[in-house]
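Notes follow once the structure below has been shown.
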Amino acid sequence: MAAKPSSLLIFQPRLNLRLKPFIFSSSSLAFSIILRIPFPKASFFGNRKFHSSLSAVSSAQSTGDGGNGGGRSGALSPTLVTEELQKIDVNPPKGTRDFPPEDMRLRNWLFNNFREVSRVYGFEEVDFPVLESEALFIRKAGEEIRDQLYCFEDRGNRRVALRPELTPSLARLVIQKGKSLSLPLKWFAIGQCWRYERMTRGRRREHYQWNMDIIGVPEVTAEAELLSSIVAFFKRIGLTAADVGFKVSSRKVLQEVLKCYGIPENMFGKVCIIIDKIEKIPLDEMKKELKVVGVSEDAIEEMLQVLSVKSLTKLEEILGGGGEAMSDLKQLFSLAEKFGYSDWIQFDASIVRGLAYYTGIVFEMLFQGFDRGGKLRAICGGGRYDRLLSTFGGDDLPACGFGFGDAVIVELLKEKKLLPELNVEVENIVCALDPDLQGAASRVATILRGKGQTVDLVLENKPLKWVFKRATRINAQRLILVGSSEWQRGMVGVKDLSSGEQREVKLDELN
């Protein structure tokens, strides 16, 4: 009998021998061909037909010859494919994404940063169903989201929708838990959202969204804390105030203007939804929409004047200093200075946000010198929504939060060349030098995995050249070879793939 190869000899370039190749039997090869290749409509066995695979087995067992005049008694025949299968479109549905390993590594990196920032700010993670009642999103969301819902009637005749955002689900959960909750709540979530909208760069029909929400705090300190957490995230990933920044305003600014012209409060949400389109549609069209909902010509001109204001000083000249809007905004900018992010924030009265449930401070995080006309959309946005719970039949609680999508930030990081290199990394690759030692190699892998190490176990009989190539591709730190002579002595061959150092190690000392 030929001697089994030693793992240390295998390490020497001159003695690198190919491992024994895997031999397919003719029967296994034929079976794989039968499974993979569609047959023409003519019967494979001439005129003989089986109504099902079970009847074929029954016939084979009753005749004792497989039903084909020969072969093993009782042998199973594969189910016949009698029609061509239509080739499917292998691309994901329009506006959606696959996440192969390299993209999944990037997604995990991004989500880990979301989670770490949330953790250091003392937030707890929650999640909700992707599928919710349609009513949750059409009561107080705004026209745009109504038009973009993926909604349908399920088999129980219930109207349901894929969630377009996370805040209504959060509100539902808070109402469900009721008085069992201890306020304030500091919750965060990372969830997939769906909107049927026109696709542009950074805008898809599905995206993942990071939300942070504070429930039960009426003071502007809550908004200041949320803005601070977003700044902390950007600093973690290498962006500065020169790259991105907040535009901040308050819904109360617009509310004070409308009160002067007798616009009823129940019209306020509709007006805000229209105003949010200020840079999306022509000005004349926006004025026309405002008139349709009952806003007078004078009120429209006054609103447009206020919306053009970019400083708190100018706003105070128009509104005076005694209103809630000015008080909230002054406090927020004062807190921003104390938190240390005052250079990340500026006032812009045109920010109102397009969702009807906002009631106070609102903000958007923008890029490229705060230029909303840039190539990408806003990175994130949020604000205060003190009266959301009552729209679902609950008792209102003071609340504020933000939503931060995954698509735009990735595009921005690409543009800034700040995407990290995220290569797959495995600590060990383990390979048996002989098919008889595959079980021994499995044992080695189990020992290392039990110690918390990552192991890629070679599951087939492969040439050593292939093993080295795979080790390079997965950035393995060590190659562990299980050879016959070493294994008999309770040892394995270990090669450090960065230094080239190689040695034998006892199995109980392997770590």
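As shown in the structure tokens, the chain order sets the letters A, B, ...; within each chain, residues go from 1, and ligands are also counted from 1 in the order they appear.
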Subject >> Residue list (strand (DSSP E or B), DSSP) for range 359-475 of chain A, as an MDAnalysis selection string >> reply: chainID A and resid 361:367 380:384 399:405 428:432 455:457
Hey, which bits of range 359-470 of chain A sit within 7 Å of range 478-481 of chain A, and for each residue what's the closest pair of atoms and how far apart in Å (one decimal), counting only C-alpha atoms, rows by chain and increasing number, as a tab-separated table?
```
residue	atom	partner	partner_atom	distance
A:Glu427	CA	A:Arg478	CA	6.3
A:Asn428	CA	A:Arg478	CA	4.8
A:Ile429	CA	A:Leu479	CA	5.0
A:Val430	CA	A:Ile480	CA	4.7
A:Cys431	CA	A:Leu481	CA	5.1
A:Ala432	CA	A:Leu481	CA	5.9
A:Leu433	CA	A:Leu481	CA	6.7
```
Subject >> Residues within 7 Å of Phe188 in chain A, only C-alpha atoms, excluding chain neighbours under 4 positions, as a ChimeraX atom specification >> reply: /A:118,123-126,211-213
Output the selection as an mmCIF file, in the first residue's frame - N, CA and C atoms for each residue.
```cif
data_model
loop_
_atom_site.group_PDB
_atom_site.id
_atom_site.type_symbol
_atom_site.label_atom_id
_atom_site.label_comp_id
_atom_site.auth_asym_id
_atom_site.auth_seq_id
_atom_site.Cartn_x
_atom_site.Cartn_y
_atom_site.Cartn_z
ATOM 1 N N SER A 118 -27.006 54.036 18.121
ATOM 2 C CA SER A 118 -28.220 53.913 18.931
ATOM 3 C C SER A 118 -27.891 53.391 20.325
ATOM 4 N N PHE A 123 -30.575 53.824 23.375
ATOM 5 C CA PHE A 123 -31.826 53.413 22.737
ATOM 6 C C PHE A 123 -31.920 51.892 22.693
ATOM 7 N N GLU A 124 -33.156 51.383 22.760
ATOM 8 C CA GLU A 124 -33.418 49.950 22.657
ATOM 9 C C GLU A 124 -34.000 49.631 21.288
ATOM 10 N N GLU A 125 -33.635 48.452 20.759
ATOM 11 C CA GLU A 125 -34.089 48.088 19.408
ATOM 12 C C GLU A 125 -35.461 47.431 19.450
ATOM 13 N N VAL A 126 -36.299 47.793 18.482
ATOM 14 C CA VAL A 126 -37.614 47.184 18.291
ATOM 15 C C VAL A 126 -37.780 46.845 16.814
ATOM 16 N N ASN A 211 -34.608 54.185 12.121
ATOM 17 C CA ASN A 211 -35.425 55.144 12.863
ATOM 18 C C ASN A 211 -34.960 55.216 14.308
ATOM 19 N N MET A 212 -34.896 56.425 14.847
ATOM 20 C CA MET A 212 -34.730 56.628 16.284
ATOM 21 C C MET A 212 -35.870 57.529 16.739
ATOM 22 N N ASP A 213 -36.541 57.133 17.811
ATOM 23 C CA ASP A 213 -37.700 57.884 18.299
ATOM 24 C C ASP A 213 -37.635 58.032 19.811
#
```
Could the residues of range 327-365 of chain A that have an atom at most 9 Å from range 229-247 of chain A be listed as CSV, each with its closest atom pair and the distance in Å to one decimal, counting only C-alpha atoms and ordered by chain and ascending residue number?
```
residue,atom,partner,partner_atom,distance
A:Tyr341,CA,A:Val231,CA,7.3
A:Asp343,CA,A:Ala241,CA,6.5
A:Trp344,CA,A:Gly245,CA,4.7
A:Ile345,CA,A:Phe246,CA,4.6
A:Gln346,CA,A:Lys247,CA,5.2
A:Phe347,CA,A:Lys247,CA,5.6
A:Asp348,CA,A:Lys247,CA,5.7
A:Ala349,CA,A:Lys247,CA,8.6
A:Ile351,CA,A:Lys247,CA,7.0
A:Val362,CA,A:Lys247,CA,8.6
A:Phe363,CA,A:Lys247,CA,5.6
A:Glu364,CA,A:Lys247,CA,5.4
A:Met365,CA,A:Phe246,CA,4.4
```
Quick one: write out the picked residues with N, CA and C atoms as a CSV table (one decimal), in the first residue's frame?
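To be explicit, this is the file written out as selection-v9.csv:
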```csv
chain,number,residue,atom,x,y,z
A,341,TYR,N,-22.5,70.7,17.9
A,341,TYR,CA,-22.7,70.5,16.4
A,341,TYR,C,-23.4,71.8,15.8
A,343,ASP,N,-22.2,74.0,13.9
A,343,ASP,CA,-21.7,74.2,12.6
A,343,ASP,C,-22.4,73.2,11.6
A,344,TRP,N,-23.1,72.3,12.1
A,344,TRP,CA,-23.8,71.3,11.3
A,344,TRP,C,-25.3,71.7,11.0
A,345,ILE,N,-25.7,72.8,11.5
A,345,ILE,CA,-27.2,73.1,11.5
A,345,ILE,C,-27.4,74.6,11.0
A,346,GLN,N,-28.5,74.8,10.3
A,346,GLN,CA,-28.9,76.1,9.9
A,346,GLN,C,-30.4,76.1,9.7
A,347,PHE,N,-31.0,77.3,9.9
A,347,PHE,CA,-32.4,77.5,9.8
A,347,PHE,C,-32.8,77.7,8.3
A,348,ASP,N,-33.9,77.1,7.9
A,348,ASP,CA,-34.5,77.2,6.6
A,348,ASP,C,-36.0,77.0,6.7
A,349,ALA,N,-36.7,78.1,6.6
A,349,ALA,CA,-38.2,78.1,6.8
A,349,ALA,C,-38.9,77.2,5.8
A,351,ILE,N,-38.4,74.2,5.0
A,351,ILE,CA,-38.5,72.8,5.5
A,351,ILE,C,-39.7,72.6,6.3
A,362,VAL,N,-39.1,70.4,12.6
A,362,VAL,CA,-38.8,69.5,11.5
A,362,VAL,C,-37.4,69.7,11.0
A,363,PHE,N,-36.8,68.7,10.4
A,363,PHE,CA,-35.4,68.8,9.9
A,363,PHE,C,-35.2,67.8,8.8
A,364,GLU,N,-34.2,68.2,8.0
A,364,GLU,CA,-33.7,67.3,7.0
A,364,GLU,C,-32.2,67.4,7.0
A,365,MET,N,-31.5,66.3,6.7
A,365,MET,CA,-30.1,66.2,6.6
A,365,MET,C,-29.8,66.2,5.1
```
**OP:** To one decimal in Å, tell me the separation between CA of Met199 in chain A and CA of Phe111 in chain A.
**Re:**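 Atom-to-atom, CA of Met199 in chain A and CA of Phe111 in chain A are spaced 23.0 Å apart.
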Original post:
Got a sec to tell me which of range 249-495 of chain A DSSP assigns to helix (DSSP H, G or I), as a ChimeraX atom specification?
Top reply: /A:251-260,265-275,283-292,297-307,312-319,324-339,342-344,389-392,406-415,435-450,464-473,484-488
Report as a short mmCIF file (atom, residue, chain, number, x, y, z; two decimals) with all heavy atoms, in the first residue's frame all protein, DNA and RNA residues lying within 12 Å of Leu510 in chain A, evaluated on only C-alpha atoms, omitting residues in the same chain fewer than 5 positions from it.
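Output file out_12.cif is given in full below:
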```cif
data_model
loop_
_atom_site.label_atom_id
_atom_site.label_comp_id
_atom_site.auth_asym_id
_atom_site.auth_seq_id
_atom_site.Cartn_x
_atom_site.Cartn_y
_atom_site.Cartn_z
N ASN A 428 -9.21 30.35 9.67
CA ASN A 428 -8.60 29.06 9.32
C ASN A 428 -9.28 28.44 8.11
O ASN A 428 -10.50 28.53 7.97
CB ASN A 428 -8.74 28.07 10.49
CG ASN A 428 -8.21 28.63 11.79
OD1 ASN A 428 -7.01 28.61 12.04
ND2 ASN A 428 -9.11 29.13 12.65
N ARG A 443 -13.46 17.10 12.63
CA ARG A 443 -13.23 17.20 14.08
C ARG A 443 -12.35 18.41 14.39
O ARG A 443 -12.61 19.15 15.35
CB ARG A 443 -12.58 15.91 14.59
CG ARG A 443 -12.35 15.92 16.10
CD ARG A 443 -11.70 14.65 16.58
NE ARG A 443 -11.25 14.76 17.96
CZ ARG A 443 -10.46 13.89 18.55
NH1 ARG A 443 -10.05 12.80 17.89
NH2 ARG A 443 -10.09 14.07 19.81
N VAL A 444 -11.32 18.62 13.59
CA VAL A 444 -10.44 19.79 13.78
C VAL A 444 -11.25 21.08 13.65
O VAL A 444 -11.12 22.00 14.46
CB VAL A 444 -9.29 19.78 12.76
CG1 VAL A 444 -8.50 21.09 12.81
CG2 VAL A 444 -8.36 18.59 13.02
N ALA A 445 -12.09 21.15 12.63
CA ALA A 445 -12.92 22.34 12.42
C ALA A 445 -13.85 22.57 13.61
O ALA A 445 -14.03 23.71 14.07
CB ALA A 445 -13.74 22.19 11.13
N THR A 446 -14.43 21.49 14.13
CA THR A 446 -15.34 21.61 15.27
C THR A 446 -14.62 22.14 16.50
O THR A 446 -15.15 22.98 17.24
CB THR A 446 -15.99 20.25 15.57
OG1 THR A 446 -16.73 19.82 14.42
CG2 THR A 446 -16.92 20.33 16.77
N ILE A 447 -13.41 21.65 16.73
CA ILE A 447 -12.62 22.12 17.89
C ILE A 447 -12.36 23.61 17.79
O ILE A 447 -12.54 24.36 18.76
CB ILE A 447 -11.29 21.33 17.98
CG1 ILE A 447 -11.56 19.87 18.39
CG2 ILE A 447 -10.33 22.00 18.96
CD1 ILE A 447 -10.34 18.97 18.28
N LEU A 448 -11.93 24.08 16.61
CA LEU A 448 -11.62 25.50 16.43
C LEU A 448 -12.87 26.36 16.53
O LEU A 448 -12.85 27.44 17.13
CB LEU A 448 -10.93 25.71 15.09
CG LEU A 448 -9.50 25.17 14.98
CD1 LEU A 448 -9.01 25.22 13.54
CD2 LEU A 448 -8.56 25.95 15.90
N ARG A 449 -13.97 25.90 15.93
CA ARG A 449 -15.22 26.66 16.00
C ARG A 449 -15.72 26.75 17.44
O ARG A 449 -16.29 27.78 17.85
CB ARG A 449 -16.27 26.02 15.10
CG ARG A 449 -16.00 26.21 13.62
CD ARG A 449 -16.83 25.29 12.76
NE ARG A 449 -16.59 25.50 11.33
CZ ARG A 449 -16.91 24.63 10.38
NH1 ARG A 449 -17.49 23.47 10.71
NH2 ARG A 449 -16.67 24.90 9.12
N GLY A 450 -15.50 25.69 18.20
CA GLY A 450 -15.89 25.71 19.61
C GLY A 450 -15.11 26.73 20.42
O GLY A 450 -15.57 27.18 21.47
N LYS A 451 -13.94 27.12 19.92
CA LYS A 451 -13.13 28.15 20.57
C LYS A 451 -13.40 29.54 20.01
O LYS A 451 -12.67 30.49 20.29
CB LYS A 451 -11.65 27.79 20.44
CG LYS A 451 -11.28 26.51 21.17
CD LYS A 451 -9.82 26.15 20.99
CE LYS A 451 -9.48 24.87 21.76
NZ LYS A 451 -8.05 24.48 21.60
N GLN A 453 -13.37 30.50 16.78
CA GLN A 453 -12.64 30.86 15.57
C GLN A 453 -13.47 30.53 14.33
O GLN A 453 -14.27 29.61 14.32
CB GLN A 453 -11.30 30.12 15.51
CG GLN A 453 -10.34 30.53 16.61
CD GLN A 453 -8.93 30.06 16.32
OE1 GLN A 453 -8.52 29.95 15.16
NE2 GLN A 453 -8.17 29.79 17.37
N ARG A 478 -4.64 31.09 8.42
CA ARG A 478 -3.88 29.85 8.58
C ARG A 478 -4.46 28.75 7.69
O ARG A 478 -5.66 28.71 7.47
CB ARG A 478 -3.91 29.35 10.03
CG ARG A 478 -3.29 30.26 11.04
CD ARG A 478 -3.16 29.56 12.39
NE ARG A 478 -4.42 29.06 12.92
CZ ARG A 478 -4.56 28.46 14.10
NH1 ARG A 478 -3.49 28.26 14.85
NH2 ARG A 478 -5.74 28.04 14.52
N ILE A 480 -4.65 24.69 7.75
CA ILE A 480 -4.45 23.52 8.61
C ILE A 480 -4.72 22.27 7.79
O ILE A 480 -5.83 22.06 7.29
CB ILE A 480 -5.39 23.57 9.84
CG1 ILE A 480 -5.06 24.82 10.67
CG2 ILE A 480 -5.25 22.29 10.67
CD1 ILE A 480 -5.96 25.03 11.84
N GLY A 490 -1.57 12.32 16.62
CA GLY A 490 -2.39 13.31 17.32
C GLY A 490 -2.02 14.74 16.99
O GLY A 490 -2.20 15.63 17.83
N MET A 491 -1.55 14.96 15.76
CA MET A 491 -1.08 16.29 15.37
C MET A 491 -1.66 16.67 14.00
O MET A 491 -2.18 15.84 13.27
CB MET A 491 0.45 16.34 15.33
CG MET A 491 1.12 15.86 16.60
SD MET A 491 2.91 16.01 16.56
CE MET A 491 3.10 17.71 17.04
N VAL A 492 -1.56 17.98 13.69
CA VAL A 492 -1.93 18.49 12.37
C VAL A 492 -0.85 19.46 11.90
O VAL A 492 -0.08 19.97 12.70
CB VAL A 492 -3.30 19.23 12.40
CG1 VAL A 492 -4.44 18.27 12.66
CG2 VAL A 492 -3.29 20.36 13.42
N GLY A 493 -0.80 19.66 10.59
CA GLY A 493 0.14 20.63 10.03
C GLY A 493 -0.50 22.00 9.96
O GLY A 493 -1.63 22.15 9.49
N VAL A 494 0.21 23.02 10.44
CA VAL A 494 -0.31 24.39 10.47
C VAL A 494 0.65 25.30 9.73
O VAL A 494 1.85 25.33 10.02
CB VAL A 494 -0.50 24.89 11.92
CG1 VAL A 494 -0.99 26.33 11.93
CG2 VAL A 494 -1.47 23.99 12.68
N ARG A 503 4.47 24.44 10.91
CA ARG A 503 4.86 23.60 12.04
C ARG A 503 3.79 22.54 12.27
O ARG A 503 2.70 22.63 11.71
CB ARG A 503 5.05 24.45 13.29
CG ARG A 503 3.77 25.07 13.81
CD ARG A 503 4.07 26.11 14.90
NE ARG A 503 2.86 26.54 15.59
CZ ARG A 503 1.98 27.41 15.11
NH1 ARG A 503 2.19 27.95 13.91
NH2 ARG A 503 0.92 27.76 15.80
N GLU A 504 4.15 21.56 13.10
CA GLU A 504 3.16 20.58 13.55
C GLU A 504 2.67 20.99 14.93
O GLU A 504 3.45 21.45 15.78
CB GLU A 504 3.77 19.18 13.62
CG GLU A 504 4.06 18.58 12.27
CD GLU A 504 4.53 17.13 12.38
OE1 GLU A 504 4.75 16.66 13.52
OE2 GLU A 504 4.66 16.48 11.34
N VAL A 505 1.35 20.84 15.15
CA VAL A 505 0.74 21.22 16.42
C VAL A 505 -0.11 20.07 16.93
O VAL A 505 -0.86 19.46 16.17
CB VAL A 505 -0.14 22.49 16.25
CG1 VAL A 505 -0.82 22.87 17.57
CG2 VAL A 505 0.69 23.66 15.73
#
```
Subject >> Shell of 9 Å around Asp127 in chain A, only C-alpha atoms, local chain residues under 6 positions omitted, as a list in words >> reply: Leu166, Ser169, Leu170, Phe188, Ala189, Ile190 and Gly191 of chain A
Output the selection as a compact mmCIF listing (two decimals), in the first residue's frame - N, CA, C and O atoms for each residue.
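Printed below is again12.txt as written:
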```txt
# COMPACT_ATOMS: atom_id res chain seq x y z
N LEU A 166 -41.78 53.50 9.10
CA LEU A 166 -41.85 52.77 10.36
C LEU A 166 -42.64 53.48 11.46
O LEU A 166 -43.10 52.83 12.40
N SER A 169 -46.16 52.22 12.58
CA SER A 169 -46.06 50.94 13.29
C SER A 169 -45.60 51.15 14.72
O SER A 169 -46.06 50.48 15.66
N LEU A 170 -44.66 52.07 14.89
CA LEU A 170 -44.22 52.42 16.24
C LEU A 170 -45.39 52.94 17.07
O LEU A 170 -45.58 52.53 18.23
N PHE A 188 -35.19 52.39 18.82
CA PHE A 188 -34.74 52.49 17.43
C PHE A 188 -35.10 51.23 16.68
O PHE A 188 -35.33 50.17 17.28
N ALA A 189 -35.18 51.34 15.37
CA ALA A 189 -35.52 50.19 14.51
C ALA A 189 -34.77 50.31 13.20
O ALA A 189 -34.46 51.42 12.74
N ILE A 190 -34.47 49.18 12.60
CA ILE A 190 -33.90 49.13 11.25
C ILE A 190 -34.77 48.17 10.46
O ILE A 190 -34.77 46.95 10.74
N GLY A 191 -35.55 48.69 9.52
CA GLY A 191 -36.50 47.83 8.83
C GLY A 191 -36.63 48.16 7.36
O GLY A 191 -36.31 49.26 6.92
```
**OP:** Could you give me, as a ChimeraX atom specification, the residues within 8 Å of range 293-303 of chain A, counting only C-alpha atoms and dropping anything in the same chain fewer than 6 positions from it?
**Re:** /A:254,257-258,261,263,267,270-271,287
Subject >> Contact residues around range 95-104 of chain A with only C-alpha atoms at 10 Å, ignoring same-chain residues under 5 positions, as a list in words >> reply: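 So the residues in contact are Trp109, Leu110, Trp194, Arg195, Tyr196, Glu197, Arg198, Met199, Thr200, Arg203, Arg204, Arg205, Glu206, His207, Glu421, Leu422, Asn423 and Val424 of chain A.
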Would you write out those residues with C-alpha atoms, as an mmCIF file, in the first residue's frame?
```cif
data_model
loop_
_atom_site.group_PDB
_atom_site.id
_atom_site.type_symbol
_atom_site.label_atom_id
_atom_site.label_comp_id
_atom_site.auth_asym_id
_atom_site.auth_seq_id
_atom_site.Cartn_x
_atom_site.Cartn_y
_atom_site.Cartn_z
ATOM 1 C CA TRP A 109 -21.302 47.435 8.165
ATOM 2 C CA LEU A 110 -23.858 50.227 7.739
ATOM 3 C CA TRP A 194 -41.719 49.762 0.381
ATOM 4 C CA ARG A 195 -42.949 52.625 -1.811
ATOM 5 C CA TYR A 196 -44.029 52.419 -5.424
ATOM 6 C CA GLU A 197 -42.343 55.602 -6.621
ATOM 7 C CA ARG A 198 -40.336 56.893 -9.531
ATOM 8 C CA MET A 199 -36.808 55.612 -9.259
ATOM 9 C CA THR A 200 -33.781 57.911 -9.330
ATOM 10 C CA ARG A 203 -34.352 56.227 -4.565
ATOM 11 C CA ARG A 204 -35.712 52.700 -4.910
ATOM 12 C CA ARG A 205 -39.037 51.005 -4.369
ATOM 13 C CA GLU A 206 -37.673 49.182 -1.364
ATOM 14 C CA HIS A 207 -35.122 50.439 1.091
ATOM 15 C CA GLU A 421 -12.994 47.828 1.915
ATOM 16 C CA LEU A 422 -14.907 44.925 3.401
ATOM 17 C CA ASN A 423 -13.232 41.726 2.303
ATOM 18 C CA VAL A 424 -14.295 38.336 3.576
#
```
**OP:** Would you mind reading off the distance between CA of Ile138 in chain A and CA of Arg159 in chain A, one decimal, in Å?
**Re:**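 Spanning CA of Ile138 in chain A to CA of Arg159 in chain A is a straight-line distance of 11.4 Å.
Atom pair CA of Phe137 in chain A / CA of Arg163 in chain A: separated by 7.8 Å.
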Original post:
From the set A:Ser484, A:Thr454, A:Asn157, A:Thr167, which residue has the shortest atom-to-atom contact distance to Ala441 in chain A, counting only C-alpha atoms?
Top reply: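 Of the candidates, the smallest distance to Ala441 in chain A is held by A:Ser484.
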**OP:** Kindly indicate which residue among A:Val120, A:Met286, A:Val292, A:Leu315 lies nearest to Ser228 in chain A, using only C-alpha atoms for the distances.
**Re:**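 Ranked by minimum distance to Ser228 in chain A, first place goes to A:Val120.
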